[in-house]
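Data file: start.txt. Format and content: compact mmCIF, N, CA and C atoms.
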```
# COMPACT_ATOMS: atom_id res chain seq x y z
N MET A 1 0.84 -1.18 0.00
CA MET A 1 0.00 0.00 0.00
C MET A 1 0.88 1.24 0.00
N SER A 2 0.60 2.14 -0.88
CA SER A 2 1.40 3.35 -0.99
C SER A 2 0.73 4.49 -0.22
N PHE A 3 1.55 5.29 0.45
CA PHE A 3 1.05 6.46 1.15
C PHE A 3 1.37 7.74 0.39
N ASP A 4 1.86 7.59 -0.81
CA ASP A 4 2.21 8.73 -1.63
C ASP A 4 0.95 9.24 -2.35
N ARG A 5 0.39 10.34 -1.86
CA ARG A 5 -0.82 10.89 -2.45
C ARG A 5 -0.53 12.15 -3.24
N ARG A 6 0.72 12.36 -3.56
CA ARG A 6 1.10 13.56 -4.29
C ARG A 6 0.64 13.46 -5.73
N GLN A 7 0.22 14.59 -6.24
CA GLN A 7 -0.04 14.67 -7.66
C GLN A 7 1.29 14.91 -8.34
N ARG A 8 1.45 14.37 -9.48
CA ARG A 8 2.72 14.51 -10.19
C ARG A 8 2.84 15.93 -10.74
N ARG A 9 3.74 16.70 -10.13
CA ARG A 9 4.00 18.06 -10.56
C ARG A 9 5.49 18.21 -10.77
N GLY A 10 5.85 19.31 -11.38
CA GLY A 10 7.27 19.59 -11.59
C GLY A 10 7.98 19.86 -10.28
N ALA A 11 9.27 19.65 -10.27
CA ALA A 11 10.06 19.87 -9.07
C ALA A 11 10.00 21.33 -8.66
N GLY A 12 9.79 21.57 -7.37
CA GLY A 12 9.80 22.92 -6.84
C GLY A 12 8.52 23.70 -7.08
N SER A 13 7.49 23.06 -7.59
CA SER A 13 6.26 23.79 -7.86
C SER A 13 5.38 23.83 -6.62
N GLY A 14 4.95 25.00 -6.27
CA GLY A 14 4.04 25.16 -5.14
C GLY A 14 4.75 25.21 -3.81
N ILE A 15 4.33 26.15 -3.01
CA ILE A 15 4.88 26.28 -1.67
C ILE A 15 3.85 25.71 -0.70
N ARG A 16 4.30 24.93 0.22
CA ARG A 16 3.42 24.30 1.21
C ARG A 16 3.23 25.27 2.37
N TRP A 17 2.29 26.20 2.23
CA TRP A 17 2.09 27.27 3.21
C TRP A 17 1.66 26.74 4.57
N ILE A 18 0.82 25.75 4.61
CA ILE A 18 0.37 25.21 5.89
C ILE A 18 1.53 24.58 6.64
N THR A 19 2.39 23.87 5.93
CA THR A 19 3.56 23.27 6.56
C THR A 19 4.52 24.33 7.06
N LEU A 20 4.72 25.37 6.27
CA LEU A 20 5.59 26.48 6.72
C LEU A 20 5.00 27.16 7.95
N GLY A 21 3.69 27.32 7.98
CA GLY A 21 3.03 27.89 9.15
C GLY A 21 3.20 27.00 10.38
N ALA A 22 3.10 25.69 10.18
CA ALA A 22 3.28 24.75 11.29
C ALA A 22 4.72 24.81 11.82
N LEU A 23 5.67 24.95 10.92
CA LEU A 23 7.07 25.09 11.36
C LEU A 23 7.26 26.36 12.17
N ALA A 24 6.61 27.44 11.77
CA ALA A 24 6.69 28.69 12.52
C ALA A 24 6.06 28.52 13.91
N VAL A 25 4.98 27.77 14.00
CA VAL A 25 4.34 27.51 15.29
C VAL A 25 5.28 26.70 16.18
N VAL A 26 5.95 25.71 15.62
CA VAL A 26 6.90 24.90 16.41
C VAL A 26 8.03 25.77 16.94
N VAL A 27 8.57 26.64 16.09
CA VAL A 27 9.65 27.54 16.53
C VAL A 27 9.14 28.46 17.64
N ALA A 28 7.95 29.02 17.48
CA ALA A 28 7.37 29.91 18.50
C ALA A 28 7.15 29.15 19.81
N ALA A 29 6.68 27.91 19.72
CA ALA A 29 6.46 27.12 20.93
C ALA A 29 7.75 26.88 21.69
N VAL A 30 8.82 26.64 20.96
CA VAL A 30 10.12 26.40 21.62
C VAL A 30 10.69 27.70 22.18
N VAL A 31 10.69 28.75 21.37
CA VAL A 31 11.30 30.01 21.78
C VAL A 31 10.56 30.63 22.96
N PHE A 32 9.24 30.64 22.90
CA PHE A 32 8.46 31.31 23.94
C PHE A 32 7.91 30.36 25.01
N ASN A 33 8.27 29.09 24.93
CA ASN A 33 7.87 28.08 25.91
C ASN A 33 6.34 28.02 26.05
N PHE A 34 5.64 27.99 24.92
CA PHE A 34 4.19 27.88 24.90
C PHE A 34 3.81 26.40 24.83
N GLN A 35 3.41 25.84 25.95
CA GLN A 35 3.02 24.43 25.99
C GLN A 35 1.74 24.18 25.21
N TRP A 36 0.83 25.14 25.21
CA TRP A 36 -0.46 24.95 24.54
C TRP A 36 -0.30 24.77 23.04
N LEU A 37 0.75 25.37 22.45
CA LEU A 37 0.99 25.16 21.03
C LEU A 37 1.35 23.71 20.73
N TRP A 38 2.12 23.10 21.63
CA TRP A 38 2.42 21.68 21.47
C TRP A 38 1.15 20.86 21.62
N GLY A 39 0.26 21.28 22.52
CA GLY A 39 -1.02 20.61 22.67
C GLY A 39 -1.84 20.65 21.39
N LEU A 40 -1.87 21.81 20.73
CA LEU A 40 -2.58 21.92 19.46
C LEU A 40 -1.94 21.04 18.39
N LEU A 41 -0.62 20.99 18.39
CA LEU A 41 0.07 20.15 17.41
C LEU A 41 -0.30 18.67 17.61
N PHE A 42 -0.35 18.22 18.84
CA PHE A 42 -0.75 16.84 19.10
C PHE A 42 -2.20 16.60 18.66
N LEU A 43 -3.07 17.59 18.84
CA LEU A 43 -4.45 17.45 18.35
C LEU A 43 -4.48 17.32 16.83
N PHE A 44 -3.65 18.11 16.15
CA PHE A 44 -3.60 18.03 14.69
C PHE A 44 -3.04 16.69 14.21
N TRP A 45 -2.26 16.02 15.03
CA TRP A 45 -1.79 14.69 14.68
C TRP A 45 -2.86 13.64 14.95
N ALA A 46 -3.60 13.80 16.04
CA ALA A 46 -4.58 12.79 16.45
C ALA A 46 -5.83 12.81 15.57
N ALA A 47 -6.31 13.98 15.19
CA ALA A 47 -7.57 14.08 14.45
C ALA A 47 -7.57 13.29 13.14
N PRO A 48 -6.57 13.46 12.27
CA PRO A 48 -6.57 12.66 11.04
C PRO A 48 -6.42 11.16 11.31
N SER A 49 -5.72 10.82 12.37
CA SER A 49 -5.56 9.40 12.71
C SER A 49 -6.90 8.77 13.03
N LEU A 50 -7.72 9.49 13.78
CA LEU A 50 -9.05 8.97 14.12
C LEU A 50 -9.93 8.86 12.88
N ALA A 51 -9.78 9.79 11.95
CA ALA A 51 -10.61 9.79 10.74
C ALA A 51 -10.19 8.70 9.76
N THR A 52 -8.89 8.44 9.65
CA THR A 52 -8.40 7.52 8.62
C THR A 52 -8.11 6.11 9.13
N GLY A 53 -7.86 5.96 10.42
CA GLY A 53 -7.51 4.65 10.95
C GLY A 53 -6.04 4.32 10.78
N VAL A 54 -5.25 5.32 10.39
CA VAL A 54 -3.80 5.14 10.24
C VAL A 54 -3.11 6.26 10.99
N THR A 55 -2.16 5.91 11.83
CA THR A 55 -1.38 6.93 12.53
C THR A 55 0.09 6.70 12.20
N PHE A 56 0.90 7.70 12.43
CA PHE A 56 2.31 7.60 12.11
C PHE A 56 3.15 7.94 13.33
N LEU A 57 4.01 7.04 13.70
CA LEU A 57 5.02 7.28 14.73
C LEU A 57 6.22 6.46 14.27
N VAL A 58 7.10 7.06 13.55
CA VAL A 58 8.26 6.45 12.92
C VAL A 58 7.85 5.63 11.69
N GLU A 59 6.72 4.95 11.76
CA GLU A 59 6.21 4.18 10.64
C GLU A 59 4.69 4.18 10.70
N PRO A 60 4.01 3.88 9.61
CA PRO A 60 2.55 3.84 9.64
C PRO A 60 2.04 2.71 10.52
N ILE A 61 1.04 3.03 11.35
CA ILE A 61 0.40 2.04 12.20
C ILE A 61 -1.09 2.02 11.84
N HIS A 62 -1.56 0.88 11.34
CA HIS A 62 -2.96 0.75 10.91
C HIS A 62 -3.80 0.21 12.05
N ARG A 63 -4.96 0.82 12.24
CA ARG A 63 -5.87 0.41 13.31
C ARG A 63 -6.30 -1.04 13.16
N ASP A 64 -6.54 -1.50 11.93
CA ASP A 64 -7.01 -2.88 11.75
C ASP A 64 -5.90 -3.92 11.86
N GLU A 65 -4.64 -3.51 11.71
CA GLU A 65 -3.53 -4.46 11.81
C GLU A 65 -2.93 -4.51 13.22
N ASN A 66 -2.82 -3.36 13.87
CA ASN A 66 -2.24 -3.27 15.22
C ASN A 66 -3.12 -2.37 16.09
N PRO A 67 -4.31 -2.86 16.45
CA PRO A 67 -5.24 -1.97 17.15
C PRO A 67 -4.74 -1.47 18.50
N TRP A 68 -4.07 -2.33 19.26
CA TRP A 68 -3.60 -1.89 20.57
C TRP A 68 -2.54 -0.81 20.45
N LEU A 69 -1.61 -0.95 19.51
CA LEU A 69 -0.57 0.05 19.32
C LEU A 69 -1.15 1.35 18.76
N TYR A 70 -2.08 1.22 17.83
CA TYR A 70 -2.75 2.40 17.26
C TYR A 70 -3.43 3.20 18.37
N TRP A 71 -4.21 2.53 19.21
CA TRP A 71 -4.94 3.23 20.26
C TRP A 71 -4.02 3.78 21.34
N ILE A 72 -2.93 3.12 21.62
CA ILE A 72 -1.96 3.67 22.58
C ILE A 72 -1.40 4.99 22.05
N ILE A 73 -1.02 5.03 20.79
CA ILE A 73 -0.44 6.24 20.20
C ILE A 73 -1.47 7.36 20.16
N VAL A 74 -2.67 7.08 19.66
CA VAL A 74 -3.69 8.12 19.55
C VAL A 74 -4.10 8.62 20.93
N THR A 75 -4.27 7.71 21.89
CA THR A 75 -4.62 8.10 23.26
C THR A 75 -3.51 8.94 23.88
N MET A 76 -2.27 8.58 23.61
CA MET A 76 -1.15 9.36 24.13
C MET A 76 -1.17 10.78 23.56
N TRP A 77 -1.41 10.92 22.26
CA TRP A 77 -1.47 12.24 21.65
C TRP A 77 -2.62 13.07 22.21
N LEU A 78 -3.77 12.46 22.36
CA LEU A 78 -4.91 13.19 22.91
C LEU A 78 -4.67 13.57 24.37
N GLY A 79 -4.12 12.64 25.15
CA GLY A 79 -3.81 12.93 26.55
C GLY A 79 -2.78 14.03 26.70
N LEU A 80 -1.73 13.97 25.88
CA LEU A 80 -0.72 15.02 25.93
C LEU A 80 -1.29 16.38 25.52
N SER A 81 -2.15 16.38 24.53
CA SER A 81 -2.72 17.66 24.10
C SER A 81 -3.56 18.27 25.21
N VAL A 82 -4.39 17.48 25.85
CA VAL A 82 -5.21 17.98 26.96
C VAL A 82 -4.33 18.45 28.11
N ALA A 83 -3.33 17.66 28.46
CA ALA A 83 -2.45 18.01 29.57
C ALA A 83 -1.68 19.29 29.29
N LEU A 84 -1.10 19.41 28.11
CA LEU A 84 -0.30 20.59 27.80
C LEU A 84 -1.14 21.86 27.73
N ILE A 85 -2.33 21.76 27.18
CA ILE A 85 -3.21 22.93 27.13
C ILE A 85 -3.67 23.28 28.55
N ALA A 86 -4.01 22.28 29.35
CA ALA A 86 -4.46 22.53 30.72
C ALA A 86 -3.36 23.14 31.58
N ILE A 87 -2.13 22.71 31.38
CA ILE A 87 -1.01 23.27 32.15
C ILE A 87 -0.89 24.76 31.89
N ASP A 88 -0.96 25.17 30.64
CA ASP A 88 -0.85 26.60 30.33
C ASP A 88 -2.06 27.37 30.83
N LEU A 89 -3.26 26.80 30.74
CA LEU A 89 -4.44 27.48 31.26
C LEU A 89 -4.36 27.63 32.79
N ALA A 90 -3.85 26.61 33.46
CA ALA A 90 -3.70 26.69 34.92
C ALA A 90 -2.70 27.76 35.31
N GLN A 91 -1.63 27.92 34.53
CA GLN A 91 -0.65 28.95 34.81
C GLN A 91 -1.21 30.35 34.61
N LEU A 92 -2.15 30.49 33.66
CA LEU A 92 -2.79 31.78 33.44
C LEU A 92 -3.69 32.17 34.62
N ALA A 93 -4.28 31.17 35.26
CA ALA A 93 -5.19 31.42 36.36
C ALA A 93 -4.46 31.86 37.64
N ILE A 94 -3.19 31.58 37.70
CA ILE A 94 -2.41 31.92 38.91
C ILE A 94 -2.09 33.38 38.93
```

This entry written out as structure tokens:
Amino acid sequence: MSFDRRQRRGAGSGIRWITLGALAVVVAAVVFNFQWLWGLLFLFWAAPSLATGVTFLVEPIHRDENPWLYWIIVTMWLGLSVALIAIDLAQLAI
């Protein structure tokens, strides 16, 4: 099974603006120590996994082939996202 969903285009055509924006968010999260940004990133990883049944952590993990590993990874991402967002919200309340 191939995971290559790219349309065949010429080399260097098109700028991946969403990916560049995500890289900027990662840099901002590191520089400014924003935990909630990491929480959002984990949510963006978990949501497509739930919709497609395939998650990626070093290699593709299919829900129907390795259900326990798939659910461990997705649960970890969702748990981390909630925890990281809650930590920053709790710090704001102080």

Exercise for review: Record the distance separating atom N of A:Ala86 and atom CA of A:Phe34, expressed in Å with one decimal.
Suggested key: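 Atom CA of A:Phe34 lies 10.9 Å from atom N of A:Ala86.
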
Practice item. Just list the residues in chain A DSSP gives strand (DSSP E or B) on the backbone, as a PyMOL selection string. Key: chain A and resi 54-57+59-62

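One distance worth recording is that between atom N of A:Gln35 and atom C of A:Arg16, which is 23.6 Å.
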
**Study point:** For atom C of A:Phe42 and atom C of A:Gly79, the interatomic separation in Å (one decimal)
**Key:**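 Result for atom C of A:Phe42 versus atom C of A:Gly79: 8.5 Å, one decimal.
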
Would you fill out stretch 48-69 of chain A with N, CA, C and O atoms and return it as a PDB file, keeping the file's coordinate frame?
```pdb
ATOM      1  N   PRO A  48      -6.570  13.460  12.270  1.00  0.00           N
ATOM      2  CA  PRO A  48      -6.570  12.660  11.040  1.00  0.00           C
ATOM      3  C   PRO A  48      -6.420  11.160  11.310  1.00  0.00           C
ATOM      4  O   PRO A  48      -6.952  10.334  10.570  1.00  0.00           O
ATOM      5  N   SER A  49      -5.720  10.820  12.370  1.00  0.00           N
ATOM      6  CA  SER A  49      -5.560   9.400  12.710  1.00  0.00           C
ATOM      7  C   SER A  49      -6.900   8.770  13.030  1.00  0.00           C
ATOM      8  O   SER A  49      -7.189   7.650  12.631  1.00  0.00           O
ATOM      9  N   LEU A  50      -7.720   9.490  13.780  1.00  0.00           N
ATOM     10  CA  LEU A  50      -9.050   8.970  14.120  1.00  0.00           C
ATOM     11  C   LEU A  50      -9.930   8.860  12.880  1.00  0.00           C
ATOM     12  O   LEU A  50     -10.734   7.946  12.765  1.00  0.00           O
ATOM     13  N   ALA A  51      -9.780   9.790  11.950  1.00  0.00           N
ATOM     14  CA  ALA A  51     -10.610   9.790  10.740  1.00  0.00           C
ATOM     15  C   ALA A  51     -10.190   8.700   9.760  1.00  0.00           C
ATOM     16  O   ALA A  51     -11.044   8.092   9.110  1.00  0.00           O
ATOM     17  N   THR A  52      -8.890   8.440   9.650  1.00  0.00           N
ATOM     18  CA  THR A  52      -8.400   7.520   8.620  1.00  0.00           C
ATOM     19  C   THR A  52      -8.110   6.110   9.130  1.00  0.00           C
ATOM     20  O   THR A  52      -8.042   5.177   8.332  1.00  0.00           O
ATOM     21  N   GLY A  53      -7.860   5.960  10.420  1.00  0.00           N
ATOM     22  CA  GLY A  53      -7.510   4.650  10.950  1.00  0.00           C
ATOM     23  C   GLY A  53      -6.040   4.320  10.780  1.00  0.00           C
ATOM     24  O   GLY A  53      -5.623   3.194  10.986  1.00  0.00           O
ATOM     25  N   VAL A  54      -5.250   5.320  10.390  1.00  0.00           N
ATOM     26  CA  VAL A  54      -3.800   5.140  10.240  1.00  0.00           C
ATOM     27  C   VAL A  54      -3.110   6.260  10.990  1.00  0.00           C
ATOM     28  O   VAL A  54      -3.462   7.429  10.835  1.00  0.00           O
ATOM     29  N   THR A  55      -2.160   5.910  11.830  1.00  0.00           N
ATOM     30  CA  THR A  55      -1.380   6.930  12.530  1.00  0.00           C
ATOM     31  C   THR A  55       0.090   6.700  12.200  1.00  0.00           C
ATOM     32  O   THR A  55       0.472   5.625  11.721  1.00  0.00           O
ATOM     33  N   PHE A  56       0.900   7.700  12.430  1.00  0.00           N
ATOM     34  CA  PHE A  56       2.310   7.600  12.110  1.00  0.00           C
ATOM     35  C   PHE A  56       3.150   7.940  13.330  1.00  0.00           C
ATOM     36  O   PHE A  56       2.981   8.995  13.934  1.00  0.00           O
ATOM     37  N   LEU A  57       4.010   7.040  13.700  1.00  0.00           N
ATOM     38  CA  LEU A  57       5.020   7.280  14.730  1.00  0.00           C
ATOM     39  C   LEU A  57       6.220   6.460  14.270  1.00  0.00           C
ATOM     40  O   LEU A  57       6.281   5.257  14.517  1.00  0.00           O
ATOM     41  N   VAL A  58       7.100   7.060  13.550  1.00  0.00           N
ATOM     42  CA  VAL A  58       8.260   6.450  12.920  1.00  0.00           C
ATOM     43  C   VAL A  58       7.850   5.630  11.690  1.00  0.00           C
ATOM     44  O   VAL A  58       8.539   5.640  10.695  1.00  0.00           O
ATOM     45  N   GLU A  59       6.720   4.950  11.760  1.00  0.00           N
ATOM     46  CA  GLU A  59       6.210   4.180  10.640  1.00  0.00           C
ATOM     47  C   GLU A  59       4.690   4.180  10.700  1.00  0.00           C
ATOM     48  O   GLU A  59       4.114   4.459  11.753  1.00  0.00           O
ATOM     49  N   PRO A  60       4.010   3.880   9.610  1.00  0.00           N
ATOM     50  CA  PRO A  60       2.550   3.840   9.640  1.00  0.00           C
ATOM     51  C   PRO A  60       2.040   2.710  10.520  1.00  0.00           C
ATOM     52  O   PRO A  60       2.537   1.590  10.473  1.00  0.00           O
ATOM     53  N   ILE A  61       1.040   3.030  11.350  1.00  0.00           N
ATOM     54  CA  ILE A  61       0.400   2.040  12.200  1.00  0.00           C
ATOM     55  C   ILE A  61      -1.090   2.020  11.840  1.00  0.00           C
ATOM     56  O   ILE A  61      -1.776   3.032  11.992  1.00  0.00           O
ATOM     57  N   HIS A  62      -1.560   0.880  11.340  1.00  0.00           N
ATOM     58  CA  HIS A  62      -2.960   0.750  10.910  1.00  0.00           C
ATOM     59  C   HIS A  62      -3.800   0.210  12.050  1.00  0.00           C
ATOM     60  O   HIS A  62      -3.422  -0.755  12.712  1.00  0.00           O
ATOM     61  N   ARG A  63      -4.960   0.820  12.240  1.00  0.00           N
ATOM     62  CA  ARG A  63      -5.870   0.410  13.310  1.00  0.00           C
ATOM     63  C   ARG A  63      -6.300  -1.040  13.160  1.00  0.00           C
ATOM     64  O   ARG A  63      -6.386  -1.775  14.142  1.00  0.00           O
ATOM     65  N   ASP A  64      -6.540  -1.500  11.930  1.00  0.00           N
ATOM     66  CA  ASP A  64      -7.010  -2.880  11.750  1.00  0.00           C
ATOM     67  C   ASP A  64      -5.900  -3.920  11.860  1.00  0.00           C
ATOM     68  O   ASP A  64      -6.164  -5.088  12.105  1.00  0.00           O
ATOM     69  N   GLU A  65      -4.640  -3.510  11.710  1.00  0.00           N
ATOM     70  CA  GLU A  65      -3.530  -4.460  11.810  1.00  0.00           C
ATOM     71  C   GLU A  65      -2.930  -4.510  13.220  1.00  0.00           C
ATOM     72  O   GLU A  65      -2.520  -5.569  13.680  1.00  0.00           O
ATOM     73  N   ASN A  66      -2.820  -3.360  13.870  1.00  0.00           N
ATOM     74  CA  ASN A  66      -2.240  -3.270  15.220  1.00  0.00           C
ATOM     75  C   ASN A  66      -3.120  -2.370  16.090  1.00  0.00           C
ATOM     76  O   ASN A  66      -2.727  -1.261  16.436  1.00  0.00           O
ATOM     77  N   PRO A  67      -4.310  -2.860  16.450  1.00  0.00           N
ATOM     78  CA  PRO A  67      -5.240  -1.970  17.150  1.00  0.00           C
ATOM     79  C   PRO A  67      -4.740  -1.470  18.500  1.00  0.00           C
ATOM     80  O   PRO A  67      -4.919  -0.303  18.839  1.00  0.00           O
ATOM     81  N   TRP A  68      -4.070  -2.330  19.260  1.00  0.00           N
ATOM     82  CA  TRP A  68      -3.600  -1.890  20.570  1.00  0.00           C
ATOM     83  C   TRP A  68      -2.540  -0.810  20.450  1.00  0.00           C
ATOM     84  O   TRP A  68      -2.549   0.164  21.187  1.00  0.00           O
ATOM     85  N   LEU A  69      -1.610  -0.950  19.510  1.00  0.00           N
ATOM     86  CA  LEU A  69      -0.570   0.050  19.320  1.00  0.00           C
ATOM     87  C   LEU A  69      -1.150   1.350  18.760  1.00  0.00           C
ATOM     88  O   LEU A  69      -0.793   2.442  19.192  1.00  0.00           O
TER      89      LEU A  69
END
```
